[in-house]
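Enquirer: Hey, dropping work29.cif in here, mmCIF, C-alpha atoms and all ligand atoms:
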```
data_coords
loop_
_atom_site.label_atom_id
_atom_site.label_comp_id
_atom_site.auth_asym_id
_atom_site.auth_seq_id
_atom_site.Cartn_x
_atom_site.Cartn_y
_atom_site.Cartn_z
CA MET T 3 -1.68 19.04 -19.19
CA ALA T 4 1.13 19.28 -16.66
CA LEU T 5 1.70 16.11 -14.67
CA VAL T 6 2.68 15.68 -11.04
CA LYS T 7 3.77 12.22 -9.97
CA ILE T 8 3.43 11.28 -6.32
CA PHE T 9 5.70 8.44 -5.19
CA VAL T 10 4.62 6.72 -2.00
CA GLY T 11 6.57 4.68 0.54
CA THR T 12 4.27 3.22 3.19
CA MET T 13 3.95 0.34 5.63
CA TYR T 14 0.52 0.98 7.10
CA GLY T 15 -1.10 3.29 4.55
CA GLY T 16 -0.54 6.66 6.22
CA ALA T 17 1.71 8.02 3.48
CA LEU T 18 -0.67 6.75 0.79
CA ASP T 19 -3.52 8.49 2.56
CA VAL T 20 -1.49 11.72 2.51
CA ALA T 21 -0.93 11.32 -1.25
CA GLU T 22 -4.63 10.79 -1.88
CA GLN T 23 -5.62 13.74 0.32
CA VAL T 24 -3.28 16.20 -1.41
CA GLN T 25 -4.20 15.01 -4.93
CA PRO T 26 -7.14 17.48 -5.26
CA LEU T 27 -4.87 20.39 -4.33
CA PHE T 28 -2.68 19.66 -7.33
CA GLU T 29 -5.72 19.15 -9.55
CA GLN T 30 -7.04 22.56 -8.49
CA ALA T 31 -3.63 24.00 -9.42
CA GLY T 32 -4.01 22.62 -12.95
CA TYR T 33 -2.17 19.28 -12.76
CA GLU T 34 -3.00 15.78 -13.73
CA VAL T 35 -1.95 13.57 -10.79
CA ALA T 36 -0.47 10.07 -10.89
CA ILE T 37 0.07 8.25 -7.60
CA PHE T 38 2.55 5.36 -7.52
CA ASP T 39 2.26 3.09 -4.50
CA GLN T 40 4.41 0.34 -6.01
CA PRO T 41 6.90 2.64 -7.69
CA ALA T 42 9.64 1.63 -10.09
CA LEU T 43 12.36 3.80 -11.61
CA ALA T 44 10.61 3.58 -14.98
CA ASP T 45 7.63 5.41 -13.49
CA LEU T 46 9.92 8.35 -12.85
CA LEU T 47 11.91 8.23 -16.08
CA GLU T 48 9.70 6.91 -18.88
CA THR T 49 7.22 9.74 -19.19
CA PRO T 50 8.05 13.43 -18.75
CA THR T 51 7.76 14.45 -15.13
CA ASP T 52 6.98 18.12 -14.64
CA LEU T 53 6.97 17.79 -10.89
CA ALA T 54 7.30 15.00 -8.33
CA LEU T 55 6.27 14.66 -4.72
CA PHE T 56 7.84 11.91 -2.64
CA CYS T 57 5.87 10.87 0.37
CA THR T 58 7.44 8.21 2.58
CA SER T 59 7.30 6.89 6.09
CA THR T 60 10.19 5.18 7.89
CA THR T 61 10.19 1.68 9.31
CA GLY T 62 12.59 -0.55 11.23
CA SER T 63 15.46 1.62 12.42
CA GLY T 64 15.51 4.28 9.74
CA ASP T 65 14.61 1.82 6.97
CA PHE T 66 12.57 2.31 3.80
CA PRO T 67 9.08 0.82 3.57
CA GLY T 68 9.14 -2.36 1.51
CA ASN T 69 7.14 -0.96 -1.40
CA LEU T 70 9.82 1.69 -2.03
CA THR T 71 12.91 -0.51 -1.82
CA GLY T 72 12.76 -1.63 -5.47
CA MET T 73 12.81 1.91 -6.81
CA LEU T 74 15.48 2.86 -4.30
CA ARG T 75 17.73 -0.01 -5.40
CA GLU T 76 17.25 0.97 -9.05
CA LEU T 77 18.15 4.59 -8.29
CA GLN T 78 21.35 3.44 -6.59
CA GLU T 79 22.29 0.93 -9.30
CA VAL T 80 21.38 2.93 -12.41
CA SER T 81 22.36 6.29 -10.93
CA PRO T 82 20.37 8.27 -13.55
CA SER T 83 20.87 11.97 -14.02
CA LEU T 84 17.88 13.70 -12.48
CA VAL T 85 18.90 17.28 -13.23
CA GLU T 86 15.54 17.95 -14.88
CA LEU T 87 13.57 16.84 -11.85
CA ARG T 88 11.96 19.29 -9.44
CA TYR T 89 10.49 17.67 -6.39
CA GLY T 90 9.07 18.06 -2.92
CA LEU T 91 9.38 15.62 -0.07
CA ILE T 92 7.08 14.71 2.79
CA ALA T 93 8.58 12.39 5.42
CA LEU T 94 6.40 10.64 7.98
CA GLY T 95 8.10 9.49 11.15
CA ASP T 96 7.99 9.27 14.90
CA SER T 97 10.41 11.23 17.06
CA SER T 98 10.44 8.49 19.68
CA TYR T 99 12.81 6.81 17.20
CA VAL T 100 15.32 9.44 18.17
CA ASP T 101 18.33 8.50 16.07
CA SER T 102 16.40 7.39 12.99
CA PHE T 103 13.63 10.00 12.96
CA CYS T 104 12.36 10.32 9.38
CA GLY T 105 15.45 8.36 8.33
CA ALA T 106 13.98 7.06 5.07
CA GLY T 107 12.74 10.48 3.97
CA ARG T 108 16.06 12.09 4.79
CA ALA T 109 18.04 9.38 2.98
CA LEU T 110 15.79 9.59 -0.08
CA ASP T 111 16.19 13.36 -0.16
CA GLU T 112 19.98 13.01 -0.06
CA LEU T 113 19.93 10.37 -2.81
CA LEU T 114 17.75 12.49 -5.12
CA ARG T 115 19.88 15.58 -4.60
CA GLY T 116 23.01 13.52 -5.22
CA LEU T 117 21.57 12.58 -8.63
CA GLY T 118 21.05 16.24 -9.50
CA ALA T 119 17.36 16.64 -8.71
CA VAL T 120 16.29 20.00 -7.33
CA ARG T 121 14.17 20.05 -4.20
CA LEU T 122 11.73 22.94 -4.12
CA GLY T 123 11.38 24.35 -0.61
CA GLU T 124 12.12 22.57 2.63
CA ARG T 125 11.34 18.95 3.40
CA LEU T 126 8.22 18.44 5.51
CA GLU T 127 8.74 16.06 8.44
CA ILE T 128 5.55 14.89 10.14
CA ASP T 129 6.05 13.57 13.66
CA ALA T 130 3.43 10.99 14.71
CA MET T 131 4.11 12.00 18.34
CA GLU T 132 2.70 15.45 17.58
CA THR T 133 0.32 14.92 14.66
CA VAL T 134 -2.13 12.04 14.87
CA MET T 135 -3.50 12.49 11.34
CA ALA T 136 -0.64 13.18 8.96
CA ASP T 137 -3.08 14.88 6.54
CA ASP T 138 -3.56 17.68 9.07
CA ALA T 139 0.03 18.70 8.52
CA ALA T 140 0.38 17.69 4.88
CA ILE T 141 -2.60 19.52 3.38
CA PRO T 142 -1.67 23.05 4.57
CA TRP T 143 1.96 22.37 3.73
CA VAL T 144 1.10 21.40 0.13
CA GLU T 145 -1.20 24.44 -0.21
CA THR T 146 1.66 26.68 0.88
CA TRP T 147 4.17 24.78 -1.23
CA ILE T 148 2.13 25.22 -4.43
CA ALA T 149 1.65 28.93 -3.70
CA GLU T 150 5.19 29.79 -2.58
CA GLN T 151 6.89 27.82 -5.34
CA GLN T 152 4.43 29.25 -7.86
CA LEU T 153 3.57 25.79 -9.13
CA GLY T 154 0.07 26.60 -10.33
CA VAL T 155 -0.40 25.98 -14.05
CA ALA T 156 -4.12 26.63 -14.35
C1 LIG T 201 7.97 -1.08 13.38
C2 LIG T 201 8.05 0.41 13.19
C3 LIG T 201 9.27 1.01 13.02
C4 LIG T 201 9.37 2.41 12.86
N1 LIG T 201 10.60 2.99 12.72
C5 LIG T 201 10.69 4.33 12.61
C6 LIG T 201 11.96 4.98 12.50
O1 LIG T 201 13.02 4.35 12.52
N2 LIG T 201 11.97 6.34 12.38
C7 LIG T 201 10.84 7.10 12.36
O2 LIG T 201 10.92 8.31 12.25
N3 LIG T 201 9.60 6.49 12.45
C8 LIG T 201 9.51 5.16 12.58
N4 LIG T 201 8.28 4.56 12.67
C9 LIG T 201 7.07 5.42 12.65
C10 LIG T 201 6.38 5.47 11.28
O3 LIG T 201 7.26 5.97 10.27
C11 LIG T 201 5.18 6.40 11.41
O4 LIG T 201 4.24 5.84 12.32
C12 LIG T 201 4.49 6.69 10.09
O5 LIG T 201 3.47 7.65 10.29
C13 LIG T 201 3.87 5.43 9.48
O6 LIG T 201 3.37 5.77 8.19
P1 LIG T 201 2.80 4.66 7.16
O7 LIG T 201 1.43 4.29 7.67
O8 LIG T 201 2.76 5.35 5.84
O9 LIG T 201 3.76 3.51 7.16
C14 LIG T 201 8.19 3.19 12.85
C15 LIG T 201 6.92 2.55 13.01
C16 LIG T 201 6.85 1.19 13.18
C17 LIG T 201 5.50 0.55 13.39
#
```
For this file, produce the structure as structure tokens.

Expert:
Amino acid sequence: MALVKIFVGTMYGGALDVAEQVQPLFEQAGYEVAIFDQPALADLLETPTDLALFCTSTTGSGDFPGNLTGMLRELQEVSPSLVELRYGLIALGDSSYVDSFCGAGRALDELLRGLGAVRLGERLEIDAMETVMADDAAIPWVETWIAEQQLGVA
């Protein structure tokens, strides 16, 4: 069965909630889903990854949530080739942090692309100033993403 891995970066649980809410959409499209809320590089590299979804908030001033920093450091140090990886990215942020809005999601996107990974579609940026429940934006986006990128394997 095809596998989608969802990698979560969260401080307060919002991004993890998004991952759990979109899980059934991937299951309906024929995927087995693995959610990593304490991700390490090995989780990405050690088993074949048909598809990945990165879902991260931003903290501090454009900083990565603590649970994602280990994987991030490994990506920077090991610099693996990710040319086989197709991924999507959901960034949670708050536009009142004007200069660092969705800074972690944007930086992660740049890092992944620099390692050769191919992002499918545009990055989703969810602004807490506009969307109280991030799921309200994430669920329709994932539905559209699966359809437009023809990701269904059922
Ligand atoms: C202390 C703190 C710092 C934050 N810094 C930023 C930031 O620099 N840029 C941004 O876009 N959002 C920032 N945010 C907003 C969070 O990213 C946003 O509320 C997000 O939905 C939290 O998701 P989470 O529950 O998964 O951590 C910050 C929030 C807090 C509480």

Enquirer: Identify, counting all atoms listed in the file, the protein, DNA and RNA residues located within 8 Å of ligand LIG 201 (chain T), and give them as a ChimeraX atom specification.

Expert: /T:11-19,58-65,67,94-106,128-130,136

Enquirer: Would you list the contacts of Thr49 (chain T) as a tab-separated table (two decimals) with C-alpha atoms, in the frame of the given file, taking every protein, DNA or RNA residue within 12 Å and counting only C-alpha atoms, but skipping same-chain residues closer than 4 positions in sequence?

Expert:
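Output file around10.tsv is given in full below:
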```
chain	number	residue	atom	x	y	z
T	4	ALA	CA	1.13	19.28	-16.66
T	5	LEU	CA	1.70	16.11	-14.67
T	6	VAL	CA	2.68	15.68	-11.04
T	7	LYS	CA	3.77	12.22	-9.97
T	36	ALA	CA	-0.47	10.07	-10.89
T	43	LEU	CA	12.36	3.80	-11.61
T	44	ALA	CA	10.61	3.58	-14.98
T	45	ASP	CA	7.63	5.41	-13.49
T	53	LEU	CA	6.97	17.79	-10.89
```

Enquirer: Report, in Å to a single decimal, how far apart CA of Ser81 (chain T) and CA of Glu112 (chain T) are.

Expert: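 Calculated distance between CA of Glu112 (chain T) and CA of Ser81 (chain T) is 13.0 Å.
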
Enquirer: For each of T:Val24, T:Val85, T:Val155, T:Leu47, take the minimum atom-to-atom distance to Gly116 (chain T), counting only C-alpha atoms, then give the residue where this is smallest.

Expert: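 For Gly116 (chain T), the nearest of the candidates is T:Val85.
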
Enquirer: Need the neighbours of (3.7, 20.9, -2.3): which residues are at most 10 Å away, counting all atoms listed in the file, as a list in words?

Expert: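 Residues satisfying the cut-off, written out: Val24, Leu27, Phe28, Leu53, Ala54, Leu55, Phe56, Tyr89, Gly90, Leu91, Ile92, Leu122, Gly123, Glu124, Arg125, Leu126, Ala140, Ile141, Pro142, Trp143, Val144, Glu145, Thr146, Trp147, Ile148, Ala149, Glu150, Gln151 and Leu153 of chain T.
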
Enquirer: Mind pulling up the distance from CA of Arg88 (chain T) to CA of Val134 (chain T)?

Expert: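 Distance between the two atoms: 29.0 Å.
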
Enquirer: Figure out the distance between CA of Val35 (chain T) and CA of Phe9 (chain T), please, to one decimal in Å.

Expert: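 That distance, rounded to one decimal, is 10.8 Å.
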
Enquirer: Find, counting only C-alpha atoms, the residue in T:Met3, T:Val10, T:Ala139, T:Leu87 that gets nearest to Phe38 (chain T).

Expert: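 Between T:Met3, T:Val10, T:Ala139, T:Leu87, the residue approaching Phe38 (chain T) most closely is T:Val10.
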
Enquirer: Of the candidates T:Glu76, T:Asp138, T:Glu86, T:Glu48, which shows the shortest atom-to-atom distance to Ala119 (chain T), using only C-alpha atoms?

Expert: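 That would be T:Glu86, the residue with the smallest distance to Ala119 (chain T).
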
Enquirer: Which of these, T:Glu22, T:Asp111, T:Tyr33, T:Ile8, has the shortest distance to Gly154 (chain T) once you count all atoms listed in the file?

Expert: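 For Gly154 (chain T), the nearest of the given residues is T:Tyr33.
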
Enquirer: With all atoms listed in the file as the atoms that count, which of T:Leu84, T:Ala31, T:Cys57, T:Ala42 lies nearest to Leu114 (chain T)?

Expert: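 The answer is T:Leu84, which sits nearest to Leu114 (chain T).
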